[in-house]
>>> print(open('upload.txt').read())   # compact mmCIF, C-alpha atoms
# COMPACT_ATOMS: atom_id res chain seq x y z
CA MET A 1 15.56 -105.89 122.34
CA ILE A 2 16.39 -102.64 120.60
CA LEU A 3 19.67 -103.01 118.74
CA ALA A 4 21.29 -99.94 117.22
CA VAL A 5 23.83 -100.15 114.42
CA ALA A 6 26.19 -97.18 114.29
CA GLY A 7 29.50 -96.39 112.67
CA GLY A 8 31.94 -93.61 112.14
CA LYS A 9 31.51 -92.69 108.54
CA GLY A 10 29.32 -93.05 105.50
CA GLY A 11 29.95 -96.22 103.52
CA ILE A 12 31.38 -98.20 106.42
CA GLY A 13 28.62 -100.85 106.15
CA LYS A 14 26.09 -99.79 108.79
CA THR A 15 23.07 -100.33 106.61
CA LEU A 16 24.37 -103.63 105.21
CA VAL A 17 24.84 -104.94 108.77
CA ALA A 18 21.53 -103.52 110.02
CA THR A 19 19.40 -104.85 107.14
CA SER A 20 21.21 -108.22 107.18
CA LEU A 21 20.57 -108.61 110.91
CA ALA A 22 16.94 -107.61 110.41
CA LEU A 23 16.37 -110.12 107.61
CA ALA A 24 18.09 -112.96 109.46
CA ASN A 25 15.93 -112.33 112.52
CA ALA A 26 12.68 -111.27 110.84
CA PRO A 27 9.96 -110.40 111.51
CA LEU A 28 10.85 -107.39 113.62
CA GLN A 29 10.85 -103.60 113.40
CA PHE A 30 13.46 -101.80 111.35
CA LEU A 31 14.01 -98.11 111.92
CA ASP A 32 16.04 -96.06 109.46
CA CYS A 33 17.34 -93.11 111.49
CA ASP A 34 19.85 -92.01 108.87
CA VAL A 35 17.40 -89.27 107.96
CA GLU A 36 19.84 -87.18 105.91
CA GLU A 37 20.45 -90.04 103.51
CA PRO A 38 18.15 -92.96 104.31
CA ASN A 39 18.99 -96.08 102.29
CA GLY A 40 17.61 -99.06 104.23
CA HIS A 41 14.85 -99.30 101.63
CA PHE A 42 17.34 -100.33 98.95
CA PHE A 43 17.89 -103.55 100.90
CA LEU A 44 14.49 -104.19 102.48
CA ARG A 45 12.35 -102.90 99.57
CA PRO A 46 9.30 -101.85 101.56
CA ARG A 47 5.94 -100.84 100.11
CA ILE A 48 5.07 -97.50 101.70
CA ARG A 49 1.69 -97.58 103.44
CA LYS A 50 1.73 -94.32 105.30
CA ALA A 51 3.72 -91.10 105.28
CA SER A 52 3.34 -88.49 108.02
CA GLY A 53 4.82 -85.02 107.99
CA VAL A 54 7.17 -83.81 110.72
CA SER A 55 7.12 -80.14 111.62
CA ILE A 56 8.53 -77.80 114.21
CA THR A 57 6.85 -74.75 115.73
CA VAL A 58 8.31 -71.48 114.50
CA PRO A 59 7.18 -67.89 115.12
CA ARG A 60 5.31 -65.67 112.69
CA PHE A 61 5.18 -61.91 113.26
CA ARG A 62 1.73 -60.35 113.59
CA LYS A 63 2.28 -56.67 113.01
CA TRP A 64 -1.27 -55.69 113.85
CA LYS A 65 -1.02 -57.41 117.24
CA GLY A 66 1.83 -55.53 118.79
CA GLU A 67 5.12 -53.81 118.51
CA VAL A 68 8.41 -55.34 117.49
CA CYS A 69 10.32 -57.15 120.21
CA PRO A 70 14.09 -56.58 119.91
CA GLU A 71 14.74 -58.79 122.98
CA ALA A 72 13.50 -61.83 121.07
CA ALA A 73 15.83 -61.14 118.14
CA GLU A 74 18.73 -60.68 120.57
CA ILE A 75 18.14 -63.91 122.46
CA CYS A 76 17.88 -65.96 119.26
CA ARG A 77 21.32 -67.58 119.10
CA TYR A 78 20.57 -68.88 115.62
CA GLY A 79 19.70 -65.53 114.10
CA ALA A 80 16.27 -66.75 113.02
CA LEU A 81 14.60 -63.48 114.05
CA ALA A 82 15.49 -60.00 112.91
CA VAL A 83 14.01 -56.64 113.84
CA VAL A 84 14.10 -54.08 111.08
CA GLY A 85 12.25 -50.86 111.76
CA GLU A 86 8.60 -51.73 112.40
CA GLU A 87 8.99 -55.30 111.14
CA MET A 88 10.14 -58.58 112.61
CA LEU A 89 11.54 -60.94 109.99
CA VAL A 90 11.52 -64.69 110.63
CA PHE A 91 13.97 -67.08 108.98
CA PRO A 92 12.32 -70.43 109.76
CA GLU A 93 15.13 -72.49 108.20
CA LEU A 94 17.43 -71.23 110.99
CA CYS A 95 14.91 -71.72 113.82
CA VAL A 96 15.53 -74.62 116.23
CA ALA A 97 12.08 -74.24 117.82
CA CYS A 98 13.44 -73.48 121.30
CA GLY A 99 10.44 -71.24 121.98
CA GLY A 100 12.51 -68.49 123.64
CA CYS A 101 11.02 -65.74 121.50
CA PHE A 102 7.47 -66.65 122.53
CA LEU A 103 8.43 -66.25 126.20
CA LEU A 104 9.95 -62.81 125.67
CA CYS A 105 7.43 -61.16 123.38
CA PRO A 106 4.16 -59.61 124.53
CA ALA A 107 1.27 -62.00 123.99
CA GLY A 108 0.12 -62.25 120.42
CA THR A 109 3.07 -60.52 118.80
CA LEU A 110 4.45 -63.81 117.56
CA GLU A 111 2.13 -66.53 116.42
CA PRO A 112 3.26 -70.17 116.55
CA VAL A 113 3.06 -71.83 113.15
CA ASP A 114 4.10 -75.25 111.85
CA TYR A 115 7.16 -75.45 109.63
CA PRO A 116 7.76 -78.77 107.84
CA VAL A 117 11.19 -80.36 108.34
CA GLY A 118 10.67 -83.93 107.15
CA VAL A 119 8.52 -87.00 106.81
CA VAL A 120 8.24 -90.41 108.49
CA LYS A 121 7.37 -93.33 106.22
CA GLU A 122 5.86 -96.55 107.54
CA SER A 123 5.65 -99.71 105.51
CA VAL A 124 6.21 -103.44 105.35
CA GLY A 125 9.40 -104.73 103.81
CA ARG A 126 10.75 -108.16 102.89
CA SER A 127 10.04 -111.05 105.29
CA GLY A 128 7.31 -109.04 106.99
CA ILE A 129 9.70 -106.49 108.47
CA GLU A 130 7.89 -103.42 109.84
CA PHE A 131 9.86 -100.69 108.14
CA ILE A 132 9.91 -97.14 109.53
CA ALA A 133 12.10 -94.45 107.99
CA GLY A 134 12.66 -90.79 108.75
CA GLU A 135 13.44 -88.49 105.88
CA LEU A 136 14.76 -84.97 106.44
CA LYS A 137 13.44 -82.30 104.10
CA VAL A 138 16.15 -81.20 101.67
CA GLY A 139 17.73 -78.00 102.99
CA SER A 140 16.50 -78.51 106.55
CA GLN A 141 18.92 -78.92 109.45
CA ARG A 142 16.42 -80.29 111.99
CA THR A 143 17.85 -83.81 111.86
CA THR A 144 17.18 -84.76 115.47
CA GLU A 145 13.53 -83.72 115.30
CA VAL A 146 12.94 -86.09 112.39
CA ILE A 147 14.81 -88.89 114.17
CA ARG A 148 12.70 -88.37 117.28
CA ALA A 149 9.49 -88.41 115.24
CA ALA A 150 10.55 -91.66 113.56
CA LYS A 151 11.38 -93.26 116.93
CA ASP A 152 7.97 -92.22 118.25
CA ARG A 153 6.43 -94.59 115.69
CA LEU A 154 8.14 -97.65 117.20
CA GLU A 155 5.97 -100.15 118.95
CA ARG A 156 7.45 -100.68 122.40
CA GLY A 157 8.53 -104.09 123.65
CA ARG A 158 9.24 -105.48 120.18
CA ASP A 159 12.55 -106.55 118.67
CA THR A 160 13.93 -103.60 116.73
CA VAL A 161 16.98 -102.82 114.59
CA VAL A 162 17.91 -99.13 114.42
CA ASP A 163 20.08 -98.00 111.52
CA CYS A 164 21.91 -94.88 112.74
CA PRO A 165 23.36 -91.87 110.92
CA PRO A 166 27.14 -91.82 110.46
CA GLY A 167 29.51 -90.18 112.92
CA SER A 168 29.29 -89.68 116.67
CA GLY A 169 27.48 -86.35 116.85
CA ARG A 170 24.10 -85.21 118.05
CA PRO A 171 21.97 -87.10 115.48
CA VAL A 172 23.73 -90.38 116.34
CA LEU A 173 23.16 -89.77 120.04
CA GLU A 174 19.46 -89.25 119.35
CA ALA A 175 19.28 -92.45 117.28
CA ILE A 176 21.16 -94.66 119.78
CA ARG A 177 19.46 -93.32 122.92
CA GLY A 178 17.18 -95.92 124.50
CA SER A 179 18.79 -98.92 122.77
CA ASP A 180 19.71 -102.05 124.71
CA PHE A 181 22.86 -102.69 122.72
CA CYS A 182 24.84 -100.97 119.99
CA LEU A 183 26.87 -102.58 117.23
CA LEU A 184 29.68 -100.35 116.01
CA VAL A 185 30.62 -101.05 112.42
CA THR A 186 34.16 -100.16 111.44
CA GLU A 187 36.90 -101.10 108.98
CA PRO A 188 40.48 -102.21 109.59
CA THR A 189 42.19 -98.89 108.84
CA PRO A 190 43.52 -96.07 111.05
CA PHE A 191 40.48 -94.04 109.93
CA GLY A 192 38.17 -96.81 111.06
CA LEU A 193 39.90 -96.89 114.45
CA HIS A 194 39.69 -93.12 114.80
CA ASP A 195 35.94 -93.10 114.21
CA LEU A 196 35.44 -96.17 116.41
CA ARG A 197 37.01 -94.33 119.35
CA GLY A 198 34.48 -91.53 118.92
CA ASN A 199 31.58 -93.96 118.78
CA LYS A 200 32.84 -95.81 121.88
CA LYS A 201 32.95 -92.52 123.81
CA LEU A 202 29.34 -91.89 122.90
CA LEU A 203 28.30 -95.35 124.14
CA ASP A 204 30.18 -94.73 127.40
CA ILE A 205 28.30 -91.46 127.92
CA LEU A 206 24.95 -93.09 127.20
CA GLN A 207 25.98 -96.20 129.20
CA ILE A 208 24.87 -98.53 126.43
CA PRO A 209 26.80 -101.79 126.01
CA GLY A 210 28.44 -102.26 122.63
CA GLY A 211 30.31 -104.62 120.34
CA VAL A 212 32.24 -104.23 117.12
CA VAL A 213 31.64 -105.50 113.60
CA ILE A 214 34.68 -105.22 111.35
CA ASN A 215 33.71 -104.77 107.72
CA ARG A 216 36.20 -105.33 104.86
CA SER A 217 38.34 -107.39 107.23
CA GLY A 218 41.50 -109.16 106.13
CA THR A 219 43.48 -106.19 104.94
CA GLY A 220 46.33 -106.81 107.37
CA TYR A 221 45.75 -103.92 109.78
CA ASP A 222 45.26 -105.22 113.33
CA GLY A 223 44.83 -101.86 115.12
CA ILE A 224 41.11 -102.44 115.64
CA HIS A 225 41.62 -105.81 117.36
CA ARG A 226 44.40 -104.44 119.56
CA TRP A 227 42.38 -101.42 120.63
CA CYS A 228 39.24 -103.49 121.27
CA ARG A 229 41.26 -105.82 123.53
CA GLU A 230 42.57 -102.83 125.50
CA GLU A 231 39.09 -101.37 125.81
CA ASN A 232 37.49 -104.73 126.57
CA LEU A 233 35.12 -104.18 123.66
CA PRO A 234 34.15 -107.47 121.97
CA VAL A 235 34.63 -107.94 118.23
CA LEU A 236 31.42 -109.81 117.45
CA ALA A 237 31.64 -110.32 113.69
CA GLU A 238 33.91 -109.78 110.73
CA ILE A 239 32.80 -109.35 107.15
CA PRO A 240 35.60 -110.21 104.75
CA PHE A 241 36.95 -107.78 102.16
CA ASP A 242 35.39 -109.60 99.25
CA ARG A 243 34.56 -108.43 95.76
CA GLU A 244 31.49 -110.63 95.47
CA LEU A 245 30.03 -109.29 98.74
CA ALA A 246 30.70 -105.72 97.70
CA SER A 247 29.02 -106.17 94.36
CA ALA A 248 26.02 -107.91 95.99
CA ALA A 249 25.62 -105.06 98.49
CA ALA A 250 25.84 -102.54 95.66
CA ARG A 251 22.87 -104.32 94.06
CA GLY A 252 20.81 -104.09 97.25
CA ARG A 253 21.46 -107.63 98.46
CA THR A 254 22.10 -108.37 102.12
CA LEU A 255 24.43 -110.92 103.71
CA PRO A 256 21.68 -113.58 104.16
CA ASP A 257 20.86 -113.13 100.46
CA VAL A 258 24.45 -114.02 99.60
CA SER A 259 24.66 -117.16 101.70
CA PRO A 260 22.55 -119.16 104.19
CA ASP A 261 25.71 -119.32 106.26
CA TRP A 262 25.36 -115.63 107.01
CA ASN A 263 21.73 -116.15 107.92
CA ARG A 264 22.77 -118.64 110.59
CA LYS A 265 25.68 -116.48 111.82
CA LEU A 266 23.48 -113.42 112.21
CA LYS A 267 20.77 -115.39 114.04
CA ASP A 268 23.51 -116.59 116.42
CA LEU A 269 24.82 -113.06 116.83
CA TRP A 270 21.35 -111.76 117.71
CA GLU A 271 20.85 -114.50 120.33
CA ARG A 272 24.32 -113.94 121.80
CA ILE A 273 23.64 -110.22 122.21
CA LYS A 274 20.20 -110.87 123.64
CA LYS A 275 21.61 -113.25 126.26
CA ARG A 276 24.22 -110.81 127.53
CA MET B 1 25.46 -39.73 101.57
CA LYS B 2 26.27 -42.22 104.33
CA VAL B 3 27.33 -45.64 103.04
CA VAL B 4 28.93 -48.71 104.60
CA VAL B 5 31.60 -50.86 102.96
CA SER B 6 32.40 -54.48 103.91
CA SER B 7 36.12 -54.48 104.55
CA THR B 8 39.04 -56.64 105.62
CA GLY B 9 40.42 -53.84 107.81
CA PRO B 10 39.30 -50.68 109.63
CA GLU B 11 40.92 -48.09 107.32
CA LEU B 12 39.92 -46.36 104.10
CA SER B 13 43.07 -47.91 102.64
CA SER B 14 42.02 -51.45 103.73
CA ALA B 15 41.01 -53.94 101.06
CA THR B 16 37.27 -54.48 100.65
CA ASP B 17 35.87 -57.85 101.76
CA PRO B 18 33.75 -59.55 99.07
CA ARG B 19 31.62 -61.16 101.78
CA PHE B 20 28.94 -59.16 103.53
CA GLY B 21 27.80 -61.14 106.60
CA ARG B 22 31.24 -62.52 107.41
CA CYS B 23 33.49 -59.57 106.56
CA SER B 24 35.96 -58.41 109.23
CA TYR B 25 34.96 -54.75 109.41
CA PHE B 26 32.22 -52.40 108.36
CA VAL B 27 33.62 -49.01 107.35
CA VAL B 28 31.00 -46.26 107.34
CA VAL B 29 31.92 -43.49 104.91
CA GLU B 30 30.38 -40.08 104.30
CA THR B 31 30.74 -39.88 100.52
CA GLU B 32 31.14 -36.08 100.29
CA SER B 33 33.77 -35.61 103.00
CA MET B 34 35.23 -39.16 102.87
CA GLU B 35 35.02 -39.12 106.65
CA ALA B 36 35.17 -42.70 107.90
CA LYS B 37 34.28 -44.64 111.02
CA SER B 38 34.76 -48.38 111.34
CA TYR B 39 33.10 -51.14 113.31
CA SER B 40 34.34 -54.66 113.84
CA ASN B 41 31.78 -57.18 112.53
CA GLU B 42 30.57 -59.15 115.55
CA SER B 43 28.59 -61.62 113.48
CA ARG B 44 31.66 -62.64 111.46
CA THR B 45 32.08 -65.88 113.43
CA ALA B 46 28.38 -66.61 114.03
CA MET B 47 27.39 -70.26 113.67
CA GLY B 48 24.58 -69.29 111.36
CA GLY B 49 22.54 -66.26 110.44
CA ALA B 50 25.61 -64.02 110.03
CA GLY B 51 24.03 -62.13 107.13
CA ILE B 52 20.87 -61.51 109.14
CA GLN B 53 22.75 -60.15 112.14
CA ALA B 54 25.09 -58.07 110.00
CA GLY B 55 22.08 -56.73 108.10
CA GLN B 56 20.38 -55.62 111.32
CA PHE B 57 23.58 -54.00 112.55
CA VAL B 58 24.16 -52.12 109.33
CA ALA B 59 20.53 -50.98 109.27
CA SER B 60 20.94 -49.64 112.81
CA LEU B 61 23.83 -47.44 111.64
CA GLY B 62 21.41 -45.40 109.55
CA VAL B 63 23.30 -45.84 106.28
CA GLN B 64 21.57 -45.44 102.95
CA ALA B 65 23.61 -47.98 101.02
CA VAL B 66 25.77 -51.06 101.50
CA ILE B 67 28.79 -51.52 99.25
CA THR B 68 30.07 -55.08 99.17
CA GLY B 69 31.25 -57.88 96.89
CA ASN B 70 28.27 -60.19 97.15
CA VAL B 71 25.17 -60.49 99.28
CA GLY B 72 23.31 -63.64 100.31
CA PRO B 73 19.55 -64.22 100.37
CA ASN B 74 18.95 -63.64 104.11
CA ALA B 75 21.03 -60.46 104.29
CA ALA B 76 19.31 -59.20 101.14
CA ARG B 77 15.90 -59.72 102.80
CA VAL B 78 16.91 -57.81 105.93
CA LEU B 79 18.50 -54.94 104.02
CA SER B 80 15.57 -54.65 101.67
CA ALA B 81 13.11 -54.57 104.62
CA ALA B 82 15.25 -51.88 106.19
CA GLY B 83 15.25 -49.85 103.00
CA VAL B 84 19.03 -49.98 102.64
CA LYS B 85 20.15 -50.19 99.02
CA VAL B 86 22.76 -52.80 98.16
CA TYR B 87 25.58 -52.27 95.66
CA THR B 88 27.71 -55.28 94.74
CA GLY B 89 30.90 -55.83 92.82
CA ALA B 90 33.12 -53.81 95.14
CA ALA B 91 36.88 -54.39 94.66
CA GLY B 92 40.15 -52.72 95.64
CA THR B 93 40.36 -50.55 98.76
CA VAL B 94 37.44 -49.09 100.68
CA GLN B 95 38.28 -45.67 99.29
CA GLU B 96 38.33 -46.95 95.70
CA ALA B 97 35.03 -48.77 96.23
CA VAL B 98 33.37 -45.59 97.48
CA LYS B 99 34.78 -43.63 94.51
CA ASN B 100 33.48 -46.25 92.08
CA PHE B 101 30.11 -46.11 93.85
CA SER B 102 29.97 -42.31 93.58
CA ALA B 103 30.88 -42.58 89.90
CA GLY B 104 27.92 -44.94 89.42
CA GLN B 105 30.11 -47.90 88.50
CA LEU B 106 28.66 -50.45 90.95
CA ASN B 107 25.51 -52.48 90.38
CA GLN B 108 22.53 -52.05 92.61
CA THR B 109 20.76 -55.29 93.48
CA ALA B 110 17.51 -56.06 95.26
CA THR B 111 18.16 -59.79 95.44
CA ALA B 112 20.96 -62.10 96.52
CA THR B 113 24.00 -62.37 94.27
CA VAL B 114 25.25 -65.58 95.94
CA SER B 115 23.58 -68.54 97.67
CA ALA B 116 23.24 -68.96 101.43
CA HIS B 117 26.48 -69.91 103.24
CA ALA B 118 28.66 -68.72 100.34
CA GLY B 119 30.72 -66.64 102.77
CA MET B 120 31.49 -69.57 105.05
CA GLY B 121 34.19 -71.03 102.82
CA GLY B 122 35.21 -74.65 103.05
CA GLY B 123 33.10 -75.56 100.04
CA ARG B 124 29.82 -75.31 101.91
>>> encode(input="upload.txt", output="structure tokens")
Amino acid sequence: MILAVAGGKGGIGKTLVATSLALANAPLQFLDCDVEEPNGHFFLRPRIRKASGVSITVPRFRKWKGEVCPEAAEICRYGALAVVGEEMLVFPELCVACGGCFLLCPAGTLEPVDYPVGVVKESVGRSGIEFIAGELKVGSQRTTEVIRAAKDRLERGRDTVVDCPPGSGRPVLEAIRGSDFCLLVTEPTPFGLHDLRGNKKLLDILQIPGGVVINRSGTGYDGIHRWCREENLPVLAEIPFDRELASAAARGRTLPDVSPDWNRKLKDLWERIKKR
Amino acid sequence: MKVVVSSTGPELSSATDPRFGRCSYFVVVETESMEAKSYSNESRTAMGGAGIQAGQFVASLGVQAVITGNVGPNAARVLSAAGVKVYTGAAGTVQEAVKNFSAGQLNQTATATVSAHAGMGGGR
């Protein structure tokens, strides 16, 4: 089973839930897809064995090969190509590697070259967890390419926990795609509900079954429960709003580290989801 | 000399726009006659690469200098490749900026005076 853990915003508890589930059900594969700010390693403390670069193919102008090609600069919606006099300037940080310019230019004018956008780290973490993490290069915007490269490293047919980026945009879609089930982590506030709605829409589009984990529960707001009932979306777990838990998480400890009770609960949760 | 000023409006009396790639108008001015012609900046609302597109457009106008408030790294690269000189620190109206330029009171720069995305606002 591939289980994705997503959530509306940063700091909602996605990584705490994902790493806790992974530890309680180890050994399995853990994939950190939050490539803009990966933090699964704080909880699973892996020893990095291998790091592979991720690059995209961008154009490079070869002046001696041909004339400038204004059509290519015009078709580039991202403004990554400019024609100035006899020169074509390339701005690789804006390029999305669509390849349109190569199709339009006479052969040889533009040369395909690799442009690094990130790295995928592979390692073994606590309890023998196979830990794979994508890391976007600082300044790069090619988030989905790094997520895809990280997912390519997964061994098929094995139990996997995917820690997703926050929000319900394109990177989250890329991270969740192909999962068997998705846990949506939220908090009992109107903000939490707002973001949960967005996440639920994404699951509906991808046709992936989901359930909700309420973090910091017990604050008195029951909007999440009410909405989940209306939507027929199961609330599968609640993590209480507890100072001790918060301080443990801040020190890189997971729920099973805090109590064996959680270990049992999260094993149960995994089995319940698997049996669906 | 033919120069272009980044502007908030199409007139000589319009206030200059401190941003280059995302200004509202480009006002082309002939410095001797103060004859002006303005163009709306199509790349103003571009998702990204506004400075690059604006730089190409301005270069295609055949101007010798750009007068603006600030210029970012990508626009600076395009303008430099095109051989268009960049003068920053423009303030007041388009007319005043051109007068200050003619009086040699603006700074010429070959590099960016602000970071990428500075003209996008919103703290980016």
>>> closest_residue(input="upload.txt", among="A:Glu37, A:Asp152, A:Glu174, A:Asp180", to="Gly11 of chain A", atoms="all atoms listed in the file")
A:Glu37
>>> interface_residues(input="upload.txt", of="chain A", to="chain B", cutoff="7 Å", atoms="all atoms listed in the file", output="count of residues only")
7
>>> residues_near_point(input="upload.txt", point="(14.9, -97.1, 109.8)", cutoff="12 Å", atoms="only C-alpha atoms", output="compact mmCIF listing (two decimals) with C-alpha atoms, keeping the file's coordinate frame")
# COMPACT_ATOMS: atom_id res chain seq x y z
CA LEU A 3 19.67 -103.01 118.74
CA ALA A 4 21.29 -99.94 117.22
CA VAL A 5 23.83 -100.15 114.42
CA LYS A 14 26.09 -99.79 108.79
CA THR A 15 23.07 -100.33 106.61
CA ALA A 18 21.53 -103.52 110.02
CA THR A 19 19.40 -104.85 107.14
CA ALA A 22 16.94 -107.61 110.41
CA LEU A 28 10.85 -107.39 113.62
CA GLN A 29 10.85 -103.60 113.40
CA PHE A 30 13.46 -101.80 111.35
CA LEU A 31 14.01 -98.11 111.92
CA ASP A 32 16.04 -96.06 109.46
CA CYS A 33 17.34 -93.11 111.49
CA ASP A 34 19.85 -92.01 108.87
CA VAL A 35 17.40 -89.27 107.96
CA GLU A 36 19.84 -87.18 105.91
CA GLU A 37 20.45 -90.04 103.51
CA PRO A 38 18.15 -92.96 104.31
CA ASN A 39 18.99 -96.08 102.29
CA GLY A 40 17.61 -99.06 104.23
CA HIS A 41 14.85 -99.30 101.63
CA PHE A 42 17.34 -100.33 98.95
CA PHE A 43 17.89 -103.55 100.90
CA LEU A 44 14.49 -104.19 102.48
CA PRO A 46 9.30 -101.85 101.56
CA VAL A 120 8.24 -90.41 108.49
CA LYS A 121 7.37 -93.33 106.22
CA GLU A 122 5.86 -96.55 107.54
CA SER A 123 5.65 -99.71 105.51
CA VAL A 124 6.21 -103.44 105.35
CA GLY A 125 9.40 -104.73 103.81
CA ILE A 129 9.70 -106.49 108.47
CA GLU A 130 7.89 -103.42 109.84
CA PHE A 131 9.86 -100.69 108.14
CA ILE A 132 9.91 -97.14 109.53
CA ALA A 133 12.10 -94.45 107.99
CA GLY A 134 12.66 -90.79 108.75
CA GLU A 135 13.44 -88.49 105.88
CA VAL A 146 12.94 -86.09 112.39
CA ILE A 147 14.81 -88.89 114.17
CA ARG A 148 12.70 -88.37 117.28
CA ALA A 149 9.49 -88.41 115.24
CA ALA A 150 10.55 -91.66 113.56
CA LYS A 151 11.38 -93.26 116.93
CA ASP A 152 7.97 -92.22 118.25
CA ARG A 153 6.43 -94.59 115.69
CA LEU A 154 8.14 -97.65 117.20
CA THR A 160 13.93 -103.60 116.73
CA VAL A 161 16.98 -102.82 114.59
CA VAL A 162 17.91 -99.13 114.42
CA ASP A 163 20.08 -98.00 111.52
CA CYS A 164 21.91 -94.88 112.74
CA PRO A 165 23.36 -91.87 110.92
CA ALA A 175 19.28 -92.45 117.28
>>> residues_near_point(input="upload.txt", point="(33.2, -59.9, 105.9)", cutoff="8 Å", atoms="only C-alpha atoms", output="MDAnalysis selection string")
chainID B and resid 6:8 17:26 41 44 119
>>> atom_distance(input="upload.txt", atom1="atom CA of Arg60 of chain A", atom2="atom CA of Glu86 of chain A")
14.3 Å
>>> atom_distance(input="upload.txt", atom1="atom CA of Pro70 of chain A", atom2="atom CA of Met88 of chain A")
8.5 Å
>>> closest_residue(input="upload.txt", among="A:Phe102, A:Gly252, A:Arg142, A:Glu155", to="Gly118 of chain A", atoms="only C-alpha atoms")
A:Arg142
>>> closest_residue(input="upload.txt", among="B:Thr93, B:Thr113, B:Ser102, B:Asn70", to="Pro10 of chain B", atoms="all atoms listed in the file")
B:Thr93
>>> residues_around(input="upload.txt", residues="Gly178 of chain A", least_positions_apart="5", cutoff="9 Å", atoms="all atoms listed in the file", output="short mmCIF file (atom, residue, chain, number, x, y, z; two decimals) with C-alpha atoms, keeping the file's coordinate frame")
data_model
loop_
_atom_site.label_atom_id
_atom_site.label_comp_id
_atom_site.auth_asym_id
_atom_site.auth_seq_id
_atom_site.Cartn_x
_atom_site.Cartn_y
_atom_site.Cartn_z
CA ILE A 2 16.39 -102.64 120.60
CA LEU A 206 24.95 -93.09 127.20
CA ILE A 208 24.87 -98.53 126.43
#
>>> decode(input="upload.txt", residues="segment 208-219 of chain A", atoms="N, CA, C and O atoms", output="PDB file, in the first residue's frame")
ATOM      1  N   ILE A 208      -8.812   9.314  -5.376  1.00  0.00           N
ATOM      2  CA  ILE A 208      -8.077   8.561  -4.361  1.00  0.00           C
ATOM      3  C   ILE A 208      -8.881   8.655  -3.062  1.00  0.00           C
ATOM      4  O   ILE A 208      -9.289   9.741  -2.658  1.00  0.00           O
ATOM      5  N   PRO A 209      -9.152   7.504  -2.422  1.00  0.00           N
ATOM      6  CA  PRO A 209      -9.913   7.546  -1.175  1.00  0.00           C
ATOM      7  C   PRO A 209      -9.102   8.223  -0.069  1.00  0.00           C
ATOM      8  O   PRO A 209      -7.867   8.145  -0.066  1.00  0.00           O
ATOM      9  N   GLY A 210      -9.806   8.898   0.834  1.00  0.00           N
ATOM     10  CA  GLY A 210      -9.100   9.631   1.875  1.00  0.00           C
ATOM     11  C   GLY A 210      -9.764   9.538   3.231  1.00  0.00           C
ATOM     12  O   GLY A 210     -10.911   9.100   3.363  1.00  0.00           O
ATOM     13  N   GLY A 211      -9.032   9.940   4.252  1.00  0.00           N
ATOM     14  CA  GLY A 211      -9.542  10.036   5.608  1.00  0.00           C
ATOM     15  C   GLY A 211      -8.828  11.185   6.289  1.00  0.00           C
ATOM     16  O   GLY A 211      -7.820  11.680   5.780  1.00  0.00           O
ATOM     17  N   VAL A 212      -9.383  11.596   7.433  1.00  0.00           N
ATOM     18  CA  VAL A 212      -8.876  12.806   8.080  1.00  0.00           C
ATOM     19  C   VAL A 212      -8.190  12.486   9.404  1.00  0.00           C
ATOM     20  O   VAL A 212      -8.643  11.615  10.156  1.00  0.00           O
ATOM     21  N   VAL A 213      -7.096  13.164   9.670  1.00  0.00           N
ATOM     22  CA  VAL A 213      -6.467  13.138  10.986  1.00  0.00           C
ATOM     23  C   VAL A 213      -6.552  14.555  11.533  1.00  0.00           C
ATOM     24  O   VAL A 213      -6.095  15.497  10.884  1.00  0.00           O
ATOM     25  N   ILE A 214      -7.181  14.700  12.697  1.00  0.00           N
ATOM     26  CA  ILE A 214      -7.270  16.033  13.304  1.00  0.00           C
ATOM     27  C   ILE A 214      -6.139  16.179  14.311  1.00  0.00           C
ATOM     28  O   ILE A 214      -6.066  15.443  15.292  1.00  0.00           O
ATOM     29  N   ASN A 215      -5.261  17.117  14.035  1.00  0.00           N
ATOM     30  CA  ASN A 215      -4.165  17.410  14.960  1.00  0.00           C
ATOM     31  C   ASN A 215      -4.602  18.558  15.875  1.00  0.00           C
ATOM     32  O   ASN A 215      -5.447  19.361  15.500  1.00  0.00           O
ATOM     33  N   ARG A 216      -4.002  18.639  17.061  1.00  0.00           N
ATOM     34  CA  ARG A 216      -4.344  19.675  18.051  1.00  0.00           C
ATOM     35  C   ARG A 216      -5.842  19.663  18.346  1.00  0.00           C
ATOM     36  O   ARG A 216      -6.481  20.721  18.369  1.00  0.00           O
ATOM     37  N   SER A 217      -6.409  18.463  18.485  1.00  0.00           N
ATOM     38  CA  SER A 217      -7.855  18.381  18.708  1.00  0.00           C
ATOM     39  C   SER A 217      -8.179  18.699  20.164  1.00  0.00           C
ATOM     40  O   SER A 217      -7.327  18.603  21.046  1.00  0.00           O
ATOM     41  N   GLY A 218      -9.449  19.071  20.388  1.00  0.00           N
ATOM     42  CA  GLY A 218      -9.886  19.397  21.733  1.00  0.00           C
ATOM     43  C   GLY A 218      -9.911  20.884  22.010  1.00  0.00           C
ATOM     44  O   GLY A 218      -9.855  21.314  23.156  1.00  0.00           O
ATOM     45  N   THR A 219      -9.980  21.671  20.947  1.00  0.00           N
ATOM     46  CA  THR A 219     -10.024  23.120  21.161  1.00  0.00           C
ATOM     47  C   THR A 219     -11.448  23.661  21.157  1.00  0.00           C
ATOM     48  O   THR A 219     -11.656  24.856  21.343  1.00  0.00           O
TER      49      THR A 219
END
